[in-house]
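Q: My file is structure-v7.cif. It has mmCIF, C-alpha atoms:
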data_protein
#
loop_
_atom_site.label_atom_id
_atom_site.label_comp_id
_atom_site.auth_asym_id
_atom_site.auth_seq_id
_atom_site.Cartn_x
_atom_site.Cartn_y
_atom_site.Cartn_z
CA MET S 321 -16.14 8.26 119.83
CA SER S 322 -14.32 8.39 116.50
CA SER S 323 -12.74 5.22 115.17
CA ALA S 324 -9.33 6.97 115.30
CA ASN S 325 -9.72 7.62 119.04
CA GLN S 326 -10.97 4.09 119.55
CA GLU S 327 -7.90 2.78 117.73
CA LEU S 328 -5.66 4.67 120.18
CA MET S 329 -7.18 2.79 123.10
CA ILE S 330 -7.50 -0.63 121.52
CA THR S 331 -6.06 -1.49 118.13
CA ALA S 332 -7.82 -3.50 115.44
CA GLU S 333 -5.51 -6.44 116.15
CA GLU S 334 -6.22 -6.29 119.89
CA THR S 335 -9.95 -6.18 119.13
CA ASP S 336 -9.58 -9.29 116.93
CA ILE S 337 -7.69 -11.15 119.68
CA LEU S 338 -10.27 -10.17 122.31
CA GLN S 339 -13.09 -11.21 119.98
CA GLU S 340 -11.50 -14.64 119.50
CA ILE S 341 -10.94 -15.02 123.24
CA MET S 342 -14.57 -14.08 123.90
CA ASN S 343 -15.62 -16.61 121.27
CA ILE S 344 -13.61 -19.36 122.98
CA ALA S 345 -14.83 -18.32 126.42
CA PHE S 346 -18.51 -18.23 125.53
CA GLY S 347 -18.20 -21.54 123.69
CA ARG S 348 -16.81 -23.06 126.88
CA ALA S 349 -19.57 -21.41 128.95
CA ALA S 350 -22.24 -22.86 126.66
CA SER S 351 -20.66 -26.29 126.97
CA ASP S 352 -20.62 -26.01 130.78
CA LEU S 353 -24.30 -25.04 130.78
CA ALA S 354 -25.15 -27.94 128.43
CA GLU S 355 -23.49 -30.29 130.93
CA HIS S 356 -25.87 -29.11 133.65
CA ILE S 357 -29.04 -29.10 131.55
CA ASP S 358 -29.99 -30.84 128.34
CA ILE S 359 -29.88 -27.94 125.90
CA PHE S 360 -28.02 -26.77 122.86
CA VAL S 361 -26.88 -23.16 122.82
CA ILE S 362 -26.68 -21.49 119.42
CA LEU S 363 -23.70 -19.14 119.54
CA SER S 364 -23.18 -15.97 117.56
CA VAL S 365 -20.12 -13.95 116.63
CA PRO S 366 -19.12 -11.72 119.57
CA TYR S 367 -18.86 -7.97 119.12
CA ILE S 368 -16.42 -5.59 120.84
CA LYS S 369 -17.03 -1.88 121.35
CA LEU S 370 -15.20 0.89 123.19
CA LEU S 371 -17.56 3.26 125.02
CA ARG S 372 -17.67 5.97 127.63
CA LEU S 373 -19.39 4.50 130.71
CA SER S 374 -21.99 7.27 130.53
CA ASP S 375 -22.92 5.96 127.06
CA LEU S 376 -23.34 2.39 128.31
CA PRO S 377 -27.06 2.54 129.31
CA PRO S 378 -28.21 3.97 125.94
CA TYR S 379 -25.99 1.46 124.11
CA ILE S 380 -27.44 -1.52 126.00
CA ASN S 381 -30.97 -0.13 125.61
CA SER S 382 -30.48 0.16 121.86
CA GLU S 383 -29.21 -3.42 121.67
CA ILE S 384 -32.19 -4.85 123.55
CA LYS S 385 -34.80 -2.43 122.23
CA GLU S 386 -37.12 -5.22 121.10
CA TYR S 387 -37.53 -6.32 124.74
CA LYS S 388 -40.24 -4.31 126.53
CA LYS S 389 -39.19 -5.59 129.93
CA VAL S 390 -36.12 -7.57 130.84
CA THR S 391 -34.85 -10.04 133.38
CA LEU S 392 -31.19 -9.72 134.10
CA VAL S 393 -28.34 -11.21 136.08
CA GLU S 394 -25.50 -8.89 137.01
CA GLN S 395 -22.21 -10.04 138.44
CA ASN S 396 -19.11 -8.02 139.18
CA PHE S 397 -15.65 -9.54 138.88
CA TRP S 398 -12.25 -8.56 140.16
CA GLY S 399 -8.77 -9.45 139.06
CA LYS S 400 -6.39 -7.70 136.76
CA PHE S 401 -9.34 -8.10 134.40
CA LYS S 402 -12.04 -6.20 136.26
CA GLY S 403 -15.59 -5.17 135.48
CA SER S 404 -19.22 -6.24 135.37
CA ALA S 405 -21.18 -8.80 133.39
CA PHE S 406 -24.86 -8.53 132.49
CA LEU S 407 -26.91 -11.41 131.17
CA VAL S 408 -30.16 -10.01 129.78
CA PHE S 409 -33.27 -11.95 128.75
CA PRO S 410 -36.73 -10.76 127.73
CA ALA S 411 -38.82 -10.67 130.93
CA ASP S 412 -41.17 -13.44 129.82
CA SER S 413 -38.29 -15.96 129.53
CA GLY S 414 -38.37 -16.75 133.24
CA LYS S 415 -40.74 -19.74 133.01
CA ASN S 416 -38.89 -21.17 130.02
CA ILE S 417 -35.58 -20.89 131.87
CA LEU S 418 -37.17 -22.53 134.90
CA SER S 419 -38.43 -25.41 132.75
CA LEU S 420 -34.90 -25.86 131.44
CA LEU S 421 -33.74 -26.59 134.95
CA ASP S 422 -36.58 -28.68 136.35
CA GLY S 423 -37.89 -30.22 133.13
CA SER S 424 -41.47 -29.21 133.84
CA ASP S 425 -43.67 -27.09 131.58
CA GLU S 426 -46.64 -26.78 133.92
CA TYR S 427 -46.84 -24.93 137.18
CA PHE S 428 -49.69 -24.61 139.64
CA GLU S 429 -51.06 -21.34 140.95
CA SER S 430 -49.68 -22.22 144.37
CA ASP S 431 -46.11 -22.42 143.06
CA ARG S 432 -43.94 -19.48 144.03
CA ILE S 433 -43.20 -18.90 140.37
CA ASN S 434 -41.46 -15.57 140.69
CA GLU S 435 -39.05 -16.87 143.28
CA LEU S 436 -38.45 -20.09 141.34
CA GLU S 437 -37.91 -18.15 138.13
CA LYS S 438 -35.52 -15.85 139.87
CA GLU S 439 -33.51 -18.78 141.20
CA ALA S 440 -33.47 -20.43 137.75
CA VAL S 441 -32.25 -17.25 136.09
CA ARG S 442 -29.65 -16.80 138.83
CA GLU S 443 -28.37 -20.35 138.30
CA VAL S 444 -28.14 -20.01 134.50
CA GLY S 445 -26.51 -16.60 134.87
CA ASN S 446 -24.03 -17.85 137.41
CA ILE S 447 -22.94 -20.72 135.15
CA LEU S 448 -22.72 -18.68 131.94
CA ILE S 449 -21.04 -15.62 133.42
CA GLY S 450 -18.69 -17.63 135.66
CA ALA S 451 -17.57 -19.96 132.87
CA CYS S 452 -17.17 -17.16 130.35
CA ILE S 453 -15.24 -14.74 132.58
CA GLY S 454 -13.27 -17.64 134.07
CA LYS S 455 -12.14 -18.80 130.63
CA ILE S 456 -11.19 -15.26 129.54
CA ALA S 457 -9.13 -14.94 132.73
CA GLU S 458 -7.53 -18.36 132.24
CA LEU S 459 -6.56 -17.61 128.63
CA LEU S 460 -5.08 -14.27 129.67
CA GLY S 461 -3.30 -15.62 132.77
CA ASP S 462 -5.44 -13.94 135.44
CA PHE S 463 -7.35 -15.08 138.53
CA ILE S 464 -10.81 -13.66 139.16
CA THR S 465 -13.12 -13.34 142.14
CA TYR S 466 -16.82 -12.65 141.76
CA SER S 467 -19.61 -10.88 143.60
CA PRO S 468 -22.74 -12.96 144.19
CA PRO S 469 -25.07 -12.63 141.18
CA ARG S 470 -27.78 -9.98 141.45
CA VAL S 471 -31.05 -10.87 139.73
CA ALA S 472 -33.71 -8.40 138.67
CA VAL S 473 -36.92 -9.63 137.07
CA GLU S 474 -39.50 -7.81 134.96
CA ARG S 475 -37.54 -4.58 134.87
CA SER S 476 -38.08 -1.85 132.33
CA GLN S 477 -34.94 -1.20 130.32
CA CYS S 478 -34.32 2.09 132.10
CA GLY S 479 -32.20 1.71 135.15
CA ILE S 480 -30.97 -1.85 134.60
CA ILE S 481 -27.42 -0.55 134.83
CA SER S 482 -26.66 0.67 138.33
CA ASP S 483 -25.90 4.37 138.66
CA SER S 484 -22.61 3.68 140.46
CA LEU S 485 -21.23 1.87 137.41
CA VAL S 486 -21.82 4.78 135.06
CA ALA S 487 -21.08 7.56 137.52
CA ASP S 488 -17.73 8.48 136.00
CA ASP S 489 -16.88 9.23 132.40
CA ASN S 490 -14.17 6.64 132.06
CA LEU S 491 -13.92 4.39 129.05
CA ALA S 492 -15.03 0.78 128.98
CA ILE S 493 -14.55 -2.09 126.59
CA VAL S 494 -17.90 -3.79 126.04
CA LEU S 495 -17.99 -7.38 124.82
CA ARG S 496 -21.39 -8.47 123.59
CA THR S 497 -22.67 -11.81 122.43
CA VAL S 498 -26.15 -12.97 121.51
CA PHE S 499 -27.25 -16.53 122.17
CA GLU S 500 -30.28 -18.76 121.72
CA PHE S 501 -31.27 -21.83 123.67
CA ASN S 502 -32.44 -24.18 120.97
CA ASP S 503 -35.85 -25.91 121.53
CA LYS S 504 -36.82 -23.50 124.29
CA ASN S 505 -37.25 -20.34 122.24
CA ILE S 506 -35.11 -18.31 124.61
CA CYS S 507 -32.58 -15.82 123.43
CA GLY S 508 -30.57 -13.28 125.33
CA TYR S 509 -27.54 -11.04 125.45
CA LEU S 510 -24.38 -11.19 127.49
CA PHE S 511 -22.55 -7.90 128.00
CA ILE S 512 -19.15 -7.82 129.68
CA VAL S 513 -17.96 -4.35 130.63
CA THR S 514 -14.33 -3.97 131.60
CA SER S 515 -13.17 -0.74 133.13
CA GLU S 516 -10.45 1.64 131.94
CA GLU S 517 -8.13 0.64 134.80
CA SER S 518 -7.85 -2.85 133.25
CA PHE S 519 -6.85 -1.56 129.81
CA ALA S 520 -3.07 -1.50 130.20
CA TRP S 521 -2.97 -5.01 131.64
CA LEU S 522 -5.49 -6.26 129.06
CA LYS S 523 -3.48 -4.96 126.10
CA THR S 524 -0.31 -6.66 127.36
CA ALA S 525 -2.19 -9.89 128.13
CA LEU S 526 -3.73 -9.95 124.64
CA HIS S 527 -0.30 -9.66 123.01
CA ASN S 528 1.12 -12.32 125.35
CA PHE S 529 -1.72 -14.63 124.32
CA LEU S 530 -0.85 -14.21 120.64
CA ASP S 531 2.91 -14.38 121.23
CA GLN S 532 2.68 -17.98 122.43
CA TYR S 533 1.80 -18.95 118.85
CA GLU S 534 4.48 -16.93 117.09
CA MET V 906 -0.15 -36.10 100.65
CA ILE V 907 -1.68 -32.84 101.70
CA LYS V 908 -0.65 -29.83 99.63
CA LYS V 909 -3.48 -27.32 99.71
CA ILE V 910 -4.99 -26.26 103.03
CA LEU V 911 -8.07 -24.03 103.23
CA ILE V 912 -8.86 -22.27 106.53
CA VAL V 913 -12.42 -20.95 106.88
CA ASP V 914 -12.80 -18.62 109.85
CA ASP V 915 -14.22 -15.13 110.38
CA SER V 916 -11.44 -14.29 112.83
CA PRO V 917 -8.14 -13.20 111.23
CA ILE V 918 -6.46 -13.98 114.55
CA SER V 919 -7.82 -17.50 114.55
CA ILE V 920 -6.55 -18.06 110.99
CA ARG V 921 -3.15 -16.76 112.09
CA ILE V 922 -3.10 -19.06 115.14
CA ILE V 923 -4.05 -22.14 113.10
CA LYS V 924 -1.34 -21.34 110.52
CA CYS V 925 1.20 -20.93 113.35
CA CYS V 926 0.23 -24.35 114.73
CA ILE V 927 0.70 -26.13 111.39
CA PRO V 928 4.08 -27.91 111.22
CA LYS V 929 6.66 -25.78 109.41
CA ASP V 930 8.64 -28.69 108.01
CA ARG V 931 6.19 -29.14 105.15
CA ASP V 932 5.50 -27.00 102.13
CA PHE V 933 1.74 -26.40 102.32
CA GLU V 934 -0.11 -23.91 100.17
CA PHE V 935 -2.57 -21.88 102.27
CA PHE V 936 -5.90 -20.32 101.36
CA ASP V 937 -8.35 -18.63 103.70
CA ALA V 938 -11.96 -17.51 103.71
CA ALA V 939 -13.77 -15.17 106.12
CA ASP V 940 -17.15 -16.92 106.24
CA GLY V 941 -18.86 -20.14 105.26
CA ARG V 942 -20.23 -18.84 101.96
CA ILE V 943 -16.81 -17.70 100.73
CA GLY V 944 -15.36 -20.95 102.12
CA VAL V 945 -17.72 -23.11 100.04
CA GLU V 946 -16.99 -21.11 96.87
CA MET V 947 -13.26 -21.29 97.49
CA PHE V 948 -13.46 -25.01 98.21
CA LYS V 949 -15.14 -25.61 94.84
CA GLN V 950 -12.54 -23.49 93.11
CA ILE V 951 -9.30 -24.73 94.66
CA LYS V 952 -10.31 -28.25 95.81
CA PRO V 953 -8.11 -28.31 98.92
CA ASP V 954 -6.76 -31.56 100.37
CA LEU V 955 -7.70 -30.38 103.86
CA THR V 956 -10.11 -27.73 105.14
CA PHE V 957 -10.13 -26.30 108.66
CA MET V 958 -13.63 -24.96 109.33
CA ASP V 959 -14.92 -22.74 112.14
CA LEU V 960 -18.57 -23.21 113.18
CA THR V 961 -19.68 -19.79 114.47
CA MET V 962 -19.41 -17.41 111.52
CA PRO V 963 -21.53 -14.69 109.94
CA VAL V 964 -23.27 -15.03 106.53
CA MET V 965 -23.06 -18.85 106.51
CA ASN V 966 -22.12 -20.83 109.59
CA GLY V 967 -19.74 -23.78 109.60
CA PHE V 968 -22.49 -26.43 109.83
CA GLU V 969 -24.12 -25.13 106.64
CA ALA V 970 -20.79 -24.73 104.86
CA LEU V 971 -19.73 -28.26 105.86
CA GLN V 972 -23.01 -29.64 104.55
CA GLU V 973 -22.57 -27.88 101.19
CA ILE V 974 -18.96 -29.00 100.88
CA ILE V 975 -19.83 -32.64 101.62
CA GLN V 976 -22.71 -32.46 99.10
CA PHE V 977 -20.26 -31.18 96.51
CA ASP V 978 -17.52 -33.69 97.40
CA SER V 979 -18.45 -36.53 99.75
CA ARG V 980 -14.75 -37.37 100.21
CA ALA V 981 -13.78 -33.86 101.35
CA MET V 982 -11.52 -33.80 104.40
CA VAL V 983 -12.93 -31.17 106.74
CA VAL V 984 -11.52 -30.68 110.23
CA ILE V 985 -13.74 -28.50 112.41
CA ALA V 986 -11.73 -25.97 114.46
CA THR V 987 -14.23 -24.50 116.87
CA ALA V 988 -14.83 -22.78 120.18
CA ASP V 989 -18.28 -24.38 120.27
CA VAL V 990 -17.28 -27.37 122.37
CA GLN V 991 -20.81 -28.49 123.26
CA SER V 992 -21.06 -32.24 122.73
CA LYS V 993 -24.18 -31.74 120.58
CA ALA V 994 -22.28 -29.37 118.30
CA ILE V 995 -19.44 -31.87 117.92
CA GLU V 996 -21.91 -34.73 117.27
CA ARG V 997 -23.69 -32.67 114.64
CA ALA V 998 -20.42 -31.83 112.90
CA HIS V 999 -19.55 -35.55 112.73
CA GLU V 1000 -23.04 -36.38 111.45
CA LEU V 1001 -22.61 -33.82 108.67
CA GLY V 1002 -19.38 -35.45 107.58
CA ALA V 1003 -16.57 -33.70 109.46
CA PHE V 1004 -13.43 -35.83 109.61
CA SER V 1005 -12.45 -34.64 113.08
CA VAL V 1006 -12.83 -31.74 115.51
CA VAL V 1007 -10.13 -29.56 117.05
CA LYS V 1008 -11.14 -27.44 120.04
CA LYS V 1009 -10.06 -23.80 120.17
CA PRO V 1010 -7.66 -22.50 121.14
CA PRO V 1011 -5.74 -25.06 119.08
CA THR V 1012 -2.32 -26.34 120.05
CA ARG V 1013 0.51 -27.35 117.75
CA GLU V 1014 0.02 -30.96 118.93
CA ASN V 1015 -3.73 -30.97 118.16
CA ILE V 1016 -3.26 -29.47 114.71
CA ALA V 1017 -0.36 -31.83 113.89
CA ALA V 1018 -2.48 -34.80 115.04
CA ALA V 1019 -5.41 -33.62 112.89
CA ILE V 1020 -3.18 -33.31 109.82
CA SER V 1021 -1.60 -36.68 110.44
CA GLY V 1022 -5.05 -38.27 110.88
CA VAL V 1023 -6.20 -36.84 107.55
CA GLU V 1024 -3.01 -38.04 105.82
CA SER V 1025 -3.46 -41.58 107.17
CA ALA V 1026 -7.06 -41.65 105.95
CA LEU V 1027 -6.02 -40.33 102.51
CA ALA V 1028 -3.27 -42.97 102.29
CA LYS V 1029 -5.77 -45.76 103.03
CA ARG V 1030 -7.96 -44.58 100.16
CA ARG V 1031 -5.25 -45.22 97.61
#
Reformat the file's structure so that it appears as structure tokens.

A:
Amino acid sequence: MSSANQELMITAEETDILQEIMNIAFGRAASDLAEHIDIFVILSVPYIKLLRLSDLPPYINSEIKEYKKVTLVEQNFWGKFKGSAFLVFPADSGKNILSLLDGSDEYFESDRINELEKEAVREVGNILIGACIGKIAELLGDFITYSPPRVAVERSQCGIISDSLVADDNLAIVLRTVFEFNDKNICGYLFIVTSEESFAWLKTALHNFLDQYE
Amino acid sequence: MIKKILIVDDSPISIRIIKCCIPKDRDFEFFDAADGRIGVEMFKQIKPDLTFMDLTMPVMNGFEALQEIIQFDSRAMVVIATADVQSKAIERAHELGAFSVVKKPPTRENIAAAISGVESALAKRR
């Protein structure tokens, strides 16, 4: 998509506002997670991109290309701000994420590691995605409901995005941030994909957000 | 008295919001920088009375920039304006010499209180 076409859908100023809102929201999500578990999350500058939904899988694959297999949490959300969030870790992060939650670094063969890892990833995903989307919605004056988180472990990159999401050729705004959990050598990506039907509301809400300061 | 205010933030919107929150009844001179590296250079050049500093920035983050500024001028008045509201991030900023921390999104009240706090501290130094 050319930058001129992109500008028609979301202006540079709207992108800046959304980037700042994402920054605030993910900062709050990191703080919420740090209240649950004793970690420090290193934040990075969020990035906003306008894409056709059919281009979403190759875009996400290119972003996480250094991960051979991934573990992901997917959660859909509904409000005026509507879409899907994907929290993606390298597949071998599961044990490290589990040790974040239970404080242990050693597991016995008899432990149901895969199930425990899955639950740990689900919990971290639920907190990060919920806090981040919740804060975006709060700042933009919306109320959101969520689907239960779906967890997939040890997946190859292909097919991590469900076919139903990319079935049409509508546009989507993709918000991406990269984060690291200090001390635990875990890093991951959060992608938030908001569908074209939210665009009109989102543009108005972004301007309303800025107007309160003018 | 504060005259020069430097705002270091990679987000033009955030700079705009902070400026909007600064009381209008005073005649401040504003400068801004888009990352920590530029912020440090600008600090050395203009020697602001007050610096608002973001933490999450490209090129040089706010922790590193704060450290360099305090090394250059141990009496620098740096107020961190950040979305990183983790208690460990706030503790670290204080350890590195930040005067105070304002959570984003800022409010007019928070920014006015930060400015007033800096002015009181500057007055006590005299």

Q: So the first atom is CA of Ile481 (chain S) and the second is CA of Ser413 (chain S); what is the distance between them in Å, to one decimal place?

A: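 Computing the Euclidean distance for CA of Ile481 (chain S) and CA of Ser413 (chain S) yields 19.6 Å.
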
Q: Identify every residue of chain V that has at least one atom within 10 Å of any atom of chain S, counting only C-alpha atoms, and report the result as a PyMOL selection string.

A: chain V and resi 915-919+921-926+960-963+966+987-994+1008-1013

Q: Please save C-alpha atoms of the selected residues as a compact mmCIF listing (two decimals), in the frame of the given file.

A:
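To be explicit, this is the file written out as again34.txt:
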# COMPACT_ATOMS: atom_id res chain seq x y z
CA ASP V 915 -14.22 -15.13 110.38
CA SER V 916 -11.44 -14.29 112.83
CA PRO V 917 -8.14 -13.20 111.23
CA ILE V 918 -6.46 -13.98 114.55
CA SER V 919 -7.82 -17.50 114.55
CA ARG V 921 -3.15 -16.76 112.09
CA ILE V 922 -3.10 -19.06 115.14
CA ILE V 923 -4.05 -22.14 113.10
CA LYS V 924 -1.34 -21.34 110.52
CA CYS V 925 1.20 -20.93 113.35
CA CYS V 926 0.23 -24.35 114.73
CA LEU V 960 -18.57 -23.21 113.18
CA THR V 961 -19.68 -19.79 114.47
CA MET V 962 -19.41 -17.41 111.52
CA PRO V 963 -21.53 -14.69 109.94
CA ASN V 966 -22.12 -20.83 109.59
CA THR V 987 -14.23 -24.50 116.87
CA ALA V 988 -14.83 -22.78 120.18
CA ASP V 989 -18.28 -24.38 120.27
CA VAL V 990 -17.28 -27.37 122.37
CA GLN V 991 -20.81 -28.49 123.26
CA SER V 992 -21.06 -32.24 122.73
CA LYS V 993 -24.18 -31.74 120.58
CA ALA V 994 -22.28 -29.37 118.30
CA LYS V 1008 -11.14 -27.44 120.04
CA LYS V 1009 -10.06 -23.80 120.17
CA PRO V 1010 -7.66 -22.50 121.14
CA PRO V 1011 -5.74 -25.06 119.08
CA THR V 1012 -2.32 -26.34 120.05
CA ARG V 1013 0.51 -27.35 117.75

Q: Could you tell me, as a VMD selection string, exactly which residues end up selected when the PyMOL selection byres ((chain V and resi 1024) around 12) is applied to this structure?

A: chain V and resid 906 to 908 954 to 955 982 1004 1017 to 1023 1025 to 1031

Q: Please provide as a ChimeraX atom specification all residues within 12 Å of Leu421 (chain S), with the sequence filter that same-chain residues fewer than 3 positions apart are discarded (counting all atoms listed in the file).

A: /S:353-359,414-418,424-425,436-444,504

Q: For CA of Ile910 (chain V) and CA of Ser1005 (chain V), quote the distance in Å rounded to one decimal.

A: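 Answer for the CA of Ile910 (chain V) to CA of Ser1005 (chain V) separation: 15.1 Å.
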
Q: Residues at most 8 Å from Val473 (chain S), counting only C-alpha atoms, excluding those fewer than 5 positions away in the same chain, as a ChimeraX atom specification?

A: /S:390-392,411,438

Q: Mind writing the picked residues with C-alpha atoms as a PDB file, in the coordinates of the input?

A:
ATOM      1  CA  VAL S 390     -36.120  -7.570 130.840  1.00  0.00           C
ATOM      2  CA  THR S 391     -34.850 -10.040 133.380  1.00  0.00           C
ATOM      3  CA  LEU S 392     -31.190  -9.720 134.100  1.00  0.00           C
ATOM      4  CA  ALA S 411     -38.820 -10.670 130.930  1.00  0.00           C
ATOM      5  CA  LYS S 438     -35.520 -15.850 139.870  1.00  0.00           C
TER       6      LYS S 438
END

Q: Evaluating the PyMOL selection byres ((chain S and resi 368) around 6) on the displayed file yields which residues, as JSON, numbers by chain?

A: {"S": [367, 369, 494, 495]}

Q: Apply the PyMOL selection byres ((chain S and resi 509) around 8) to the structure shown and report the selected residues as a list in words.

A: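 Expected selection for the PyMOL selection byres ((chain S and resi 509) around 8) here is Ile384, Phe406, Leu407, Val408, Phe409, Arg496, Thr497, Val498, Phe499, Cys507, Gly508, Leu510 and Phe511 of chain S.
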
Q: So, counting all atoms listed in the file, which residue among S:Leu460, S:Ile449, S:Leu526, S:Pro410 is closest to Lys388 (chain S)?

A: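 Closest to Lys388 (chain S) of all the choices is S:Pro410.
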
Q: Could you work out how far CA of Val513 (chain S) lies from CA of Asn434 (chain S), giving the answer in Å with one decimal?

A: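 CA of Val513 (chain S) lies 27.9 Å from CA of Asn434 (chain S).
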
Q: Only C-alpha atoms, as a PDB file, in the first residue's frame: that is what I want for region 942-960 of chain V.

A:
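And here's decode.pdb as it stands now:
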ATOM      1  CA  ARG V 942      20.902  11.583  22.352  1.00  0.00           C
ATOM      2  CA  ILE V 943      19.580  14.836  20.870  1.00  0.00           C
ATOM      3  CA  GLY V 944      18.167  15.690  24.312  1.00  0.00           C
ATOM      4  CA  VAL V 945      21.577  15.388  25.991  1.00  0.00           C
ATOM      5  CA  GLU V 946      23.259  17.508  23.298  1.00  0.00           C
ATOM      6  CA  MET V 947      20.536  20.128  23.528  1.00  0.00           C
ATOM      7  CA  PHE V 948      20.730  20.144  27.320  1.00  0.00           C
ATOM      8  CA  LYS V 949      24.461  20.881  27.164  1.00  0.00           C
ATOM      9  CA  GLN V 950      23.866  23.627  24.641  1.00  0.00           C
ATOM     10  CA  ILE V 951      20.899  25.490  26.120  1.00  0.00           C
ATOM     11  CA  LYS V 952      21.216  24.565  29.833  1.00  0.00           C
ATOM     12  CA  PRO V 953      17.472  24.496  30.552  1.00  0.00           C
ATOM     13  CA  ASP V 954      16.072  25.228  34.015  1.00  0.00           C
ATOM     14  CA  LEU V 955      13.743  22.240  33.703  1.00  0.00           C
ATOM     15  CA  THR V 956      13.769  19.158  31.479  1.00  0.00           C
ATOM     16  CA  PHE V 957      10.811  16.842  30.895  1.00  0.00           C
ATOM     17  CA  MET V 958      12.202  13.459  29.839  1.00  0.00           C
ATOM     18  CA  ASP V 959      10.432  10.437  28.357  1.00  0.00           C
ATOM     19  CA  LEU V 960      11.925   7.000  29.141  1.00  0.00           C
TER      20      LEU V 960
END
